[in-house]
>>> print(open('entry.cif').read())   # mmCIF, C-alpha atoms
data_query
loop_
_atom_site.label_atom_id
_atom_site.label_comp_id
_atom_site.auth_asym_id
_atom_site.auth_seq_id
_atom_site.Cartn_x
_atom_site.Cartn_y
_atom_site.Cartn_z
CA MET A 15 -55.79 65.86 -16.06
CA LYS A 16 -52.48 67.34 -14.91
CA ARG A 17 -52.82 70.75 -13.41
CA ILE A 18 -50.28 73.54 -13.64
CA ARG A 19 -49.70 75.59 -10.50
CA ILE A 20 -50.69 79.23 -10.68
CA ALA A 21 -47.22 80.30 -9.52
CA ASN A 22 -45.75 78.62 -12.61
CA LEU A 23 -48.33 80.17 -14.93
CA LEU A 24 -47.70 83.67 -13.62
CA ALA A 25 -43.95 83.17 -14.12
CA SER A 26 -44.37 81.97 -17.72
CA ASP A 27 -42.61 83.92 -20.47
CA HIS A 28 -45.00 82.83 -23.23
CA PRO A 29 -48.72 82.10 -23.80
CA MET A 30 -49.90 78.51 -23.37
CA ASP A 31 -52.79 76.56 -24.88
CA ASP A 32 -54.86 73.74 -23.39
CA ILE A 33 -53.82 74.10 -19.78
CA ASP A 34 -55.53 72.91 -16.62
CA VAL A 35 -55.57 74.91 -13.41
CA MET A 36 -57.41 74.24 -10.17
CA GLY A 37 -57.99 76.38 -7.15
CA TRP A 38 -60.39 78.25 -4.90
CA VAL A 39 -62.42 81.31 -5.79
CA ARG A 40 -61.22 84.44 -4.05
CA THR A 41 -63.66 86.77 -5.82
CA ARG A 42 -66.12 86.59 -8.68
CA ARG A 43 -67.88 89.39 -10.51
CA ASP A 44 -70.26 89.16 -13.44
CA ALA A 45 -70.46 91.32 -16.54
CA LYS A 46 -72.63 91.05 -19.62
CA GLY A 47 -71.74 87.71 -21.18
CA PHE A 48 -68.84 86.92 -18.82
CA SER A 49 -67.78 86.08 -15.30
CA PHE A 50 -64.41 87.30 -14.01
CA ILE A 51 -63.01 84.90 -11.41
CA GLU A 52 -59.94 85.45 -9.23
CA LEU A 53 -58.53 81.97 -8.58
CA ASN A 54 -55.85 80.99 -6.07
CA ASP A 55 -54.36 77.53 -5.52
CA GLY A 56 -52.03 78.28 -2.60
CA SER A 57 -48.84 78.05 -4.67
CA CYS A 58 -48.27 81.81 -4.38
CA LEU A 59 -49.80 84.96 -2.99
CA LYS A 60 -51.15 86.20 -6.32
CA ASN A 61 -54.37 85.08 -8.00
CA ILE A 62 -54.90 84.45 -11.68
CA GLN A 63 -57.94 85.85 -13.46
CA ILE A 64 -60.26 83.43 -15.22
CA ILE A 65 -62.52 84.71 -18.01
CA ALA A 66 -65.57 82.46 -18.17
CA ALA A 67 -67.97 83.19 -21.06
CA ASP A 68 -71.71 82.63 -20.73
CA ASN A 69 -71.68 79.93 -23.42
CA LEU A 70 -69.81 77.47 -21.19
CA PRO A 71 -71.84 74.33 -20.32
CA GLU A 72 -71.91 74.95 -16.55
CA TYR A 73 -72.14 78.73 -16.69
CA GLU A 74 -75.16 79.10 -14.42
CA LYS A 75 -73.54 76.86 -11.83
CA ILE A 76 -70.34 78.92 -12.14
CA ARG A 77 -72.30 82.10 -11.46
CA SER A 78 -73.58 80.60 -8.22
CA CYS A 79 -70.06 79.92 -6.91
CA GLY A 80 -68.97 82.30 -4.20
CA THR A 81 -65.73 82.82 -2.29
CA GLY A 82 -64.18 79.55 -1.20
CA SER A 83 -65.66 77.39 -3.96
CA ALA A 84 -63.23 75.03 -5.72
CA LEU A 85 -62.98 75.01 -9.52
CA ALA A 86 -61.15 73.08 -12.23
CA VAL A 87 -60.48 75.24 -15.28
CA HIS A 88 -59.34 74.24 -18.76
CA GLY A 89 -58.34 76.94 -21.20
CA ASN A 90 -55.62 79.09 -22.70
CA LEU A 91 -53.11 81.35 -20.99
CA VAL A 92 -53.18 84.67 -22.85
CA ALA A 93 -51.81 88.16 -22.35
CA SER A 94 -54.12 90.24 -20.18
CA PRO A 95 -55.26 93.70 -21.26
CA ALA A 96 -55.96 94.62 -17.63
CA LYS A 97 -53.49 96.67 -15.60
CA GLY A 98 -51.48 94.93 -12.88
CA GLN A 99 -51.49 91.46 -14.38
CA ARG A 100 -49.53 89.98 -17.26
CA TRP A 101 -51.60 86.86 -17.88
CA GLU A 102 -55.16 85.63 -17.66
CA ILE A 103 -56.89 82.41 -18.63
CA GLN A 104 -59.59 82.29 -21.29
CA ALA A 105 -61.62 79.33 -20.05
CA THR A 106 -62.92 76.70 -22.47
CA ALA A 107 -64.34 74.58 -19.66
CA VAL A 108 -64.99 75.14 -15.97
CA HIS A 109 -66.06 72.41 -13.56
CA VAL A 110 -67.25 73.06 -10.04
CA LEU A 111 -65.37 70.69 -7.73
CA GLY A 112 -66.78 71.93 -4.45
CA GLN A 113 -69.20 74.75 -3.81
CA ALA A 114 -68.90 76.97 -0.72
CA PRO A 115 -72.20 78.40 0.57
CA ASP A 116 -72.77 81.90 1.90
CA THR A 117 -71.94 80.61 5.38
CA TYR A 118 -68.26 80.22 4.38
CA PRO A 119 -66.47 82.07 7.24
CA LEU A 120 -63.94 83.91 5.07
CA GLN A 121 -66.27 86.10 3.03
CA LYS A 122 -64.64 89.33 4.22
CA LYS A 123 -61.23 90.46 3.02
CA ARG A 124 -59.96 91.26 6.52
CA HIS A 125 -60.46 89.32 9.74
CA SER A 126 -58.81 89.75 13.13
CA ASP A 127 -56.11 87.30 14.18
CA GLU A 128 -58.19 86.49 17.26
CA TYR A 129 -61.12 85.43 15.09
CA LEU A 130 -58.94 83.43 12.72
CA ARG A 131 -57.47 81.44 15.62
CA THR A 132 -60.98 80.11 16.22
CA ILE A 133 -61.02 78.69 12.68
CA ALA A 134 -57.39 77.58 12.45
CA HIS A 135 -58.41 74.86 9.99
CA LEU A 136 -59.53 77.51 7.47
CA ARG A 137 -57.15 80.40 8.08
CA PRO A 138 -54.42 79.06 5.72
CA ARG A 139 -56.79 80.08 2.91
CA THR A 140 -56.34 83.76 3.75
CA ASN A 141 -53.56 85.78 2.12
CA LYS A 142 -51.74 86.37 5.40
CA TYR A 143 -51.69 82.81 6.62
CA GLY A 144 -51.08 81.33 3.19
CA ALA A 145 -48.00 83.56 3.01
CA MET A 146 -46.97 82.59 6.54
CA PHE A 147 -47.06 78.87 5.90
CA ARG A 148 -45.24 79.16 2.58
CA ILE A 149 -42.51 81.07 4.43
CA ARG A 150 -42.52 78.40 7.13
CA SER A 151 -42.03 75.70 4.48
CA GLU A 152 -39.22 77.57 2.74
CA THR A 153 -37.46 78.34 6.02
CA ALA A 154 -37.57 74.69 7.11
CA LEU A 155 -36.07 73.62 3.80
CA VAL A 156 -33.21 76.12 3.92
CA ILE A 157 -32.38 75.12 7.51
CA HIS A 158 -31.69 71.60 6.29
CA ARG A 159 -29.66 72.92 3.36
CA PHE A 160 -27.62 75.18 5.64
CA PHE A 161 -26.47 72.29 7.81
CA GLN A 162 -26.11 69.74 5.03
CA GLU A 163 -23.84 72.08 3.05
CA ARG A 164 -21.62 72.39 6.13
CA GLY A 165 -21.24 68.65 6.63
CA PHE A 166 -23.71 68.20 9.49
CA ARG A 167 -25.68 64.95 9.74
CA TYR A 168 -29.42 65.14 10.31
CA VAL A 169 -30.33 62.93 13.28
CA HIS A 170 -33.59 61.98 14.96
CA THR A 171 -33.78 62.16 18.73
CA PRO A 172 -36.57 60.68 20.89
CA ILE A 173 -39.84 62.52 21.44
CA ILE A 174 -40.59 60.20 24.37
CA THR A 175 -37.94 60.54 27.04
CA GLY A 176 -37.15 59.74 30.65
CA SER A 177 -34.73 62.68 31.04
CA ASP A 178 -35.38 66.33 31.79
CA CYS A 179 -32.84 68.27 29.73
CA GLU A 180 -33.57 71.72 31.14
CA GLY A 181 -34.14 70.66 34.73
CA ALA A 182 -37.23 72.87 35.01
CA GLY A 183 -39.62 69.97 35.56
CA GLU A 184 -42.27 71.45 33.22
CA MET A 185 -42.81 68.32 31.14
CA PHE A 186 -45.85 66.48 29.85
CA ARG A 187 -46.05 63.04 31.41
CA ILE A 188 -47.11 60.15 29.16
CA THR A 189 -49.75 57.71 30.34
CA THR A 190 -51.41 54.79 28.59
CA ARG A 191 -55.10 54.40 27.87
CA THR A 192 -55.40 50.91 26.39
CA PRO A 193 -57.27 47.71 27.30
CA MET A 194 -53.96 46.23 28.47
CA ALA A 195 -53.39 49.17 30.79
CA ALA A 196 -56.78 48.68 32.43
CA ASP A 197 -55.54 45.43 34.01
CA ALA A 198 -52.20 46.87 35.06
CA GLU A 199 -51.39 47.25 38.70
CA PRO A 200 -51.41 50.80 40.11
CA GLY A 201 -48.09 52.51 39.48
CA GLN A 202 -47.05 50.10 36.74
CA GLU A 203 -45.54 52.07 33.87
CA PHE A 204 -45.59 51.17 30.17
CA PHE A 205 -41.83 51.82 29.86
CA GLY A 206 -41.03 50.53 33.33
CA ARG A 207 -40.54 54.08 34.61
CA GLU A 208 -42.09 57.51 34.22
CA ALA A 209 -41.92 58.89 30.66
CA TYR A 210 -42.41 62.37 29.27
CA LEU A 211 -42.58 64.36 26.06
CA THR A 212 -39.18 65.89 25.37
CA VAL A 213 -38.36 69.54 25.98
CA SER A 214 -35.17 69.23 23.92
CA GLY A 215 -33.27 66.73 21.81
CA GLN A 216 -29.95 68.07 23.04
CA LEU A 217 -28.76 65.32 25.38
CA SER A 218 -29.37 62.64 22.76
CA ALA A 219 -27.88 64.81 20.02
CA GLU A 220 -24.70 65.15 22.08
CA MET A 221 -24.30 61.36 22.00
CA LEU A 222 -24.55 61.37 18.22
CA ALA A 223 -22.17 64.33 17.85
CA LEU A 224 -19.61 62.39 19.90
CA ALA A 225 -19.75 59.69 17.24
CA LEU A 226 -20.48 61.52 13.97
CA GLY A 227 -18.82 64.88 14.59
CA ASP A 228 -21.35 67.57 13.65
CA VAL A 229 -25.07 66.79 13.82
CA TYR A 230 -28.38 68.59 14.09
CA THR A 231 -31.91 67.69 15.01
CA PHE A 232 -35.00 69.60 13.91
CA GLY A 233 -38.28 68.49 15.41
CA PRO A 234 -41.13 69.10 17.83
CA THR A 235 -40.56 69.75 21.51
CA PHE A 236 -43.03 70.20 24.34
CA ARG A 237 -43.26 72.23 27.51
CA ALA A 238 -46.02 72.00 30.13
CA GLU A 239 -45.72 75.63 31.09
CA ASN A 240 -49.05 77.22 31.99
CA SER A 241 -48.24 80.42 30.13
CA ASN A 242 -50.45 82.44 27.84
CA THR A 243 -47.88 84.96 26.67
CA ARG A 244 -47.34 85.81 23.03
CA ARG A 245 -43.96 84.03 23.04
CA HIS A 246 -44.88 80.65 24.50
CA ALA A 247 -46.59 77.54 23.17
CA SER A 248 -46.93 74.04 24.58
CA GLU A 249 -45.75 72.42 21.34
CA PHE A 250 -43.06 74.06 19.23
CA TRP A 251 -40.19 73.15 16.91
CA MET A 252 -36.49 73.42 17.70
CA ILE A 253 -33.34 73.43 15.59
CA GLU A 254 -30.55 71.95 17.69
CA PRO A 255 -27.03 71.50 16.28
CA GLU A 256 -24.24 69.87 18.27
CA MET A 257 -20.57 70.05 17.29
CA ALA A 258 -17.71 67.87 18.51
CA PHE A 259 -14.22 69.33 18.85
CA ALA A 260 -15.69 72.84 19.10
CA ASP A 261 -15.89 75.59 21.71
CA LEU A 262 -18.04 78.60 22.57
CA SER A 263 -16.47 80.72 19.84
CA ASP A 264 -17.41 78.12 17.21
CA ASN A 265 -20.92 78.05 18.67
CA MET A 266 -21.38 81.81 18.35
CA GLU A 267 -20.07 81.80 14.80
CA LEU A 268 -22.46 79.04 13.73
CA GLY A 269 -25.48 80.67 15.40
CA GLU A 270 -24.79 84.06 13.85
CA SER A 271 -24.21 82.54 10.42
CA LEU A 272 -27.49 80.64 10.62
CA VAL A 273 -29.57 83.69 11.57
CA VAL A 274 -28.05 85.81 8.79
CA HIS A 275 -28.36 83.03 6.20
CA LEU A 276 -32.04 82.44 6.94
CA ILE A 277 -32.93 86.11 6.62
CA ARG A 278 -31.04 86.58 3.37
CA HIS A 279 -32.45 83.44 1.82
CA VAL A 280 -36.10 84.08 2.71
CA LEU A 281 -35.91 87.70 1.55
CA ASP A 282 -34.66 86.42 -1.79
CA ALA A 283 -36.88 83.34 -2.12
CA CYS A 284 -40.20 84.72 -0.79
CA PRO A 285 -40.33 88.39 -1.84
CA ASP A 286 -44.12 88.61 -2.38
CA ASP A 287 -44.98 86.82 0.85
CA ILE A 288 -42.51 88.88 2.90
CA ALA A 289 -43.82 92.06 1.28
CA LEU A 290 -47.30 91.28 2.57
CA PHE A 291 -46.01 91.32 6.16
CA ALA A 292 -43.88 94.41 5.52
CA ASN A 293 -46.90 96.28 4.11
CA TYR A 294 -49.69 95.15 6.42
CA VAL A 295 -48.19 93.71 9.64
CA ASP A 296 -44.94 95.54 10.47
CA LYS A 297 -43.91 98.65 8.55
CA GLU A 298 -40.39 98.47 10.04
CA LEU A 299 -39.83 94.82 9.11
CA MET A 300 -37.57 95.29 6.08
CA GLN A 301 -35.44 97.91 7.79
CA ARG A 302 -34.98 95.68 10.83
CA LEU A 303 -34.06 92.59 8.80
CA GLU A 304 -31.62 94.52 6.64
CA ARG A 305 -29.99 95.97 9.75
CA ILE A 306 -29.52 92.50 11.24
CA VAL A 307 -27.59 91.21 8.21
CA ALA A 308 -25.63 94.43 7.62
CA ALA A 309 -22.89 94.05 10.25
CA PRO A 310 -21.35 91.48 12.62
CA PHE A 311 -23.30 90.86 15.80
CA THR A 312 -22.15 92.73 18.91
CA ARG A 313 -20.70 90.46 21.61
CA ILE A 314 -20.78 91.29 25.31
CA THR A 315 -20.59 89.30 28.52
CA TYR A 316 -23.54 88.95 30.86
CA THR A 317 -21.66 91.05 33.43
CA GLU A 318 -21.19 93.84 30.86
CA ALA A 319 -24.87 93.59 29.92
CA ILE A 320 -26.00 94.01 33.54
CA ASP A 321 -23.68 97.00 33.92
CA LEU A 322 -25.10 98.61 30.76
CA LEU A 323 -28.65 98.07 31.95
CA GLN A 324 -27.93 99.51 35.40
CA ARG A 325 -26.27 102.60 33.91
CA SER A 326 -28.93 103.11 31.23
CA GLY A 327 -31.20 105.32 33.28
CA GLN A 328 -34.15 103.23 32.09
CA SER A 329 -36.93 102.13 34.43
CA PHE A 330 -37.45 98.37 34.20
CA ASP A 331 -40.23 96.25 35.68
CA TYR A 332 -37.49 93.81 36.70
CA PRO A 333 -34.50 95.79 38.03
CA PRO A 334 -31.31 94.33 36.50
CA THR A 335 -29.05 92.80 39.13
CA TRP A 336 -26.19 90.35 38.71
CA GLY A 337 -27.44 86.81 39.15
CA ILE A 338 -30.92 87.13 37.63
CA ASP A 339 -31.86 85.98 34.15
CA LEU A 340 -32.29 88.66 31.53
CA GLN A 341 -35.94 89.51 30.94
CA THR A 342 -37.53 90.39 27.61
CA GLU A 343 -37.44 94.09 28.49
CA HIS A 344 -33.68 93.83 29.13
CA GLU A 345 -33.07 91.98 25.88
CA ARG A 346 -35.06 94.52 23.88
CA PHE A 347 -33.23 97.44 25.46
CA LEU A 348 -29.88 95.94 24.54
CA THR A 349 -30.87 95.16 20.94
CA GLU A 350 -33.26 97.98 20.05
CA MET A 351 -31.92 100.94 22.01
CA HIS A 352 -28.31 100.35 23.00
CA VAL A 353 -26.88 98.44 20.02
CA GLN A 354 -29.75 98.82 17.52
CA GLY A 355 -28.91 95.40 16.21
CA PRO A 356 -28.26 91.80 17.30
CA VAL A 357 -26.32 91.09 20.49
CA ILE A 358 -24.62 87.89 21.66
CA VAL A 359 -24.48 87.71 25.45
CA THR A 360 -21.99 85.24 26.94
CA ASP A 361 -20.82 83.89 30.29
CA TYR A 362 -23.98 83.79 32.38
CA PRO A 363 -24.02 82.97 36.10
CA LYS A 364 -23.99 79.21 36.54
CA THR A 365 -26.80 79.45 39.11
CA ILE A 366 -29.35 80.35 36.40
CA LYS A 367 -28.18 77.88 33.76
CA PRO A 368 -28.62 74.09 33.33
CA PHE A 369 -26.20 71.45 34.61
CA TYR A 370 -24.63 70.60 31.25
CA MET A 371 -23.02 74.00 30.57
CA ARG A 372 -19.25 74.20 30.94
CA VAL A 373 -18.10 75.96 34.13
CA ASN A 374 -15.66 78.81 33.48
CA ASN A 375 -12.39 79.25 35.35
CA ASP A 376 -13.97 81.82 37.69
CA GLU A 377 -16.30 79.02 38.90
CA LYS A 378 -19.14 81.58 38.96
CA THR A 379 -20.13 81.63 35.29
CA VAL A 380 -20.60 79.15 32.49
CA ALA A 381 -19.61 79.19 28.82
CA ALA A 382 -23.12 80.01 27.66
CA MET A 383 -24.31 82.27 24.87
CA ASP A 384 -27.65 83.75 23.86
CA ILE A 385 -28.25 85.51 20.56
CA LEU A 386 -30.68 88.40 20.98
CA VAL A 387 -32.32 90.15 18.03
CA PRO A 388 -34.49 93.30 17.79
CA GLY A 389 -38.21 92.74 18.07
CA ILE A 390 -37.87 89.23 19.47
CA GLY A 391 -35.23 89.05 22.15
CA GLU A 392 -33.59 85.66 22.54
CA ILE A 393 -33.67 83.60 19.36
CA VAL A 394 -30.72 81.26 20.06
CA GLY A 395 -29.57 79.82 23.37
CA GLY A 396 -26.60 77.51 23.74
CA SER A 397 -23.30 76.73 25.37
CA GLN A 398 -20.11 74.82 25.36
CA ARG A 399 -20.98 71.55 27.10
CA GLU A 400 -19.22 70.41 30.27
CA GLU A 401 -16.92 67.65 29.03
CA ARG A 402 -15.09 67.07 32.35
CA LEU A 403 -16.68 64.14 34.18
CA GLU A 404 -15.86 65.14 37.75
CA ILE A 405 -17.03 68.74 37.33
CA LEU A 406 -20.21 67.61 35.56
CA GLU A 407 -21.03 65.16 38.38
CA ASN A 408 -20.42 67.87 40.98
CA ARG A 409 -22.78 70.25 39.14
CA MET A 410 -25.48 67.61 39.06
CA ARG A 411 -25.08 66.97 42.79
CA GLU A 412 -25.28 70.72 43.48
CA LEU A 413 -28.63 70.80 41.68
CA GLY A 414 -29.93 67.74 43.53
CA MET A 415 -30.17 65.62 40.38
CA ASN A 416 -30.33 61.83 40.33
CA ILE A 417 -26.96 61.03 38.77
CA ASP A 418 -27.84 57.37 38.29
CA ALA A 419 -30.65 58.33 35.91
CA TYR A 420 -28.09 59.98 33.62
CA TRP A 421 -25.58 57.12 33.57
CA TRP A 422 -25.65 56.96 29.79
CA TYR A 423 -24.99 60.70 29.49
CA LEU A 424 -22.05 60.46 31.88
CA ASP A 425 -20.64 57.54 29.86
CA SER A 426 -19.88 60.01 27.08
CA ARG A 427 -17.58 61.82 29.51
CA ARG A 428 -16.00 58.57 30.72
CA PHE A 429 -15.14 57.23 27.29
CA GLY A 430 -13.25 59.58 24.98
CA SER A 431 -14.71 62.90 26.08
CA VAL A 432 -13.94 65.92 23.91
CA PRO A 433 -14.80 69.65 23.96
CA HIS A 434 -18.15 70.12 22.25
CA CYS A 435 -20.95 72.66 22.01
CA GLY A 436 -24.38 73.34 20.62
CA PHE A 437 -27.46 75.50 20.77
CA GLY A 438 -31.20 75.55 20.38
CA MET A 439 -33.03 77.87 18.01
CA GLY A 440 -36.79 78.20 18.31
CA PHE A 441 -38.22 77.76 14.83
CA GLU A 442 -41.36 79.75 15.61
CA ARG A 443 -39.30 82.66 16.93
CA VAL A 444 -37.37 82.64 13.66
CA LEU A 445 -40.67 82.96 11.81
CA MET A 446 -41.75 85.81 14.09
CA LEU A 447 -38.47 87.55 13.28
CA LEU A 448 -38.90 87.03 9.53
CA THR A 449 -42.50 88.26 9.39
CA GLY A 450 -42.91 90.76 12.21
CA VAL A 451 -45.77 88.68 13.66
CA THR A 452 -45.82 89.20 17.42
CA ASN A 453 -47.84 86.18 18.59
CA ILE A 454 -46.43 82.66 18.37
CA ARG A 455 -49.96 81.32 17.84
CA ASP A 456 -49.95 82.94 14.39
CA VAL A 457 -46.83 81.24 13.02
CA ILE A 458 -47.95 77.67 13.85
CA PRO A 459 -50.70 76.03 11.75
CA PHE A 460 -52.45 74.49 14.78
CA PRO A 461 -51.12 76.09 17.99
CA ARG A 462 -51.11 74.14 21.24
CA THR A 463 -51.50 76.43 24.23
CA PRO A 464 -53.15 76.00 27.66
CA GLY A 465 -56.82 75.21 27.12
CA ASN A 466 -56.47 74.95 23.32
CA ILE A 467 -56.32 71.59 21.55
CA GLU A 468 -59.47 71.75 19.42
CA PHE A 469 -57.92 71.33 15.99
#
>>> encode(input="entry.cif", output="structure tokens")
Amino acid sequence: MKRIRIANLLASDHPMDDIDVMGWVRTRRDAKGFSFIELNDGSCLKNIQIIAADNLPEYEKIRSCGTGSALAVHGNLVASPAKGQRWEIQATAVHVLGQAPDTYPLQKKRHSDEYLRTIAHLRPRTNKYGAMFRIRSETALVIHRFFQERGFRYVHTPIITGSDCEGAGEMFRITTRTPMAADAEPGQEFFGREAYLTVSGQLSAEMLALALGDVYTFGPTFRAENSNTRRHASEFWMIEPEMAFADLSDNMELGESLVVHLIRHVLDACPDDIALFANYVDKELMQRLERIVAAPFTRITYTEAIDLLQRSGQSFDYPPTWGIDLQTEHERFLTEMHVQGPVIVTDYPKTIKPFYMRVNNDEKTVAAMDILVPGIGEIVGGSQREERLEILENRMRELGMNIDAYWWYLDSRRFGSVPHCGFGMGFERVLMLLTGVTNIRDVIPFPRTPGNIEF
């Protein structure tokens, strides 16, 4: 039995006989001689109506199937006389694959996000989260296409690492729990030294860019930050391109192009799913997305941004002063009130940025750039990398880093160093931008946050 997906049936331009469809019951109502079943198989937001007559062999069992039950239906796709739907299926056979009892947790049409997080294993069956994870799938696919069409090579960087890319020290340490480890001497490490889960694939991606030219990595990253804000998770996905023979201007152009391309593609490829979020989650979503793609992004320096914030007359929880990192409230003022669109901020103070960013001629700032968008704040963070060996070593010493531990990274500056750049884009923040969802926990199938690892 080869099933046809409901999305394909609903898109059909002609009736079809002897088809098989499978899915889960969203609703069922009974009339004299018939049951009307709304069936959904996850392939799209819309359901298809099944007309099951009372002369079917398993009719009484069908009538006992509530929301969440799984059915296999054989029948004919015919034009529907009902308003709002083009097709329905006249069933010739219905088999109950799995019955859901009255205790099925998704009986209601609407549940709070807080409640659904407690049943993360079931929430993809709701309209909202089914739409979210279809959008997530489509967005991941188009990210790969975007880079592949531009000649980038997809590379895989280690998840287990001995290096701290960001220098913040908020990393998950890896330990072993095996019979072999039980006999190990105290302090003996599986890898011969301390190992961690990566916070970024950047340093490794740089090595590959300095061999292959343009590369990108797209995978999970981890941060042991004890934060319960709406924007932070302990496990998240990052898109990280690195380009050889490129500078900060090239970096900004690529980042802006990627943001615009993703929005345009998802609006075109997922109209029903996006419409759900525009109608029920964020009424300003479509207007905001259309505004982002309508014009080139505004570009200002960090110094100009601080000056704008200081002259704005706004009261901020964190008063803007030169030398501090921009806070979410600052980013949102710049994007939502001052520019009313995306902003690229460049040339941050080197004291608030990592060691690998290229020092500018003023020796106070680095060739960094952040792309800020309305509703989210920072969505892309990157820089031109410091390709000059002596300056890079001096920066590492200033920060008290163990240079010997980064011998392999410094080799890339010893042997044929070239100007290069790259950035990181948080995949979950992209999804928050595309859907208007304000909590990162609701764009990840099984979120990992402090105190939460049940699923």
>>> residues_around(input="entry.cif", residues="Ile393 of chain A", least_positions_apart="5", cutoff="7 Å", atoms="all atoms listed in the file", output="list in words")
Ile385, Leu386, Val387, Met439, Gly440, Arg443 and Val444 of chain A
>>> resolve_selection(input="entry.cif", expression="the PyMOL selection byres ((chain A and resi 111) around 12)", output="PyMOL selection string")
chain A and resi 36-39+72+75-76+79+82-87+108-110+112-114
>>> residues_around(input="entry.cif", residues="segment 125-133 of chain A", least_positions_apart="2", cutoff="9 Å", atoms="all atoms listed in the file", output="ChimeraX atom specification")
/A:119-120,122-123,135-137,455-456,460-461,469
>>> resolve_selection(input="entry.cif", expression="the PyMOL selection byres ((chain A and resi 346) around 8)", output="PyMOL selection string")
chain A and resi 342-345+347-351+387-391
>>> residues_around(input="entry.cif", residues="segment 16-33 of chain A", least_positions_apart="4", cutoff="6 Å", atoms="all atoms listed in the file", output="ChimeraX atom specification")
/A:57-58,88-92
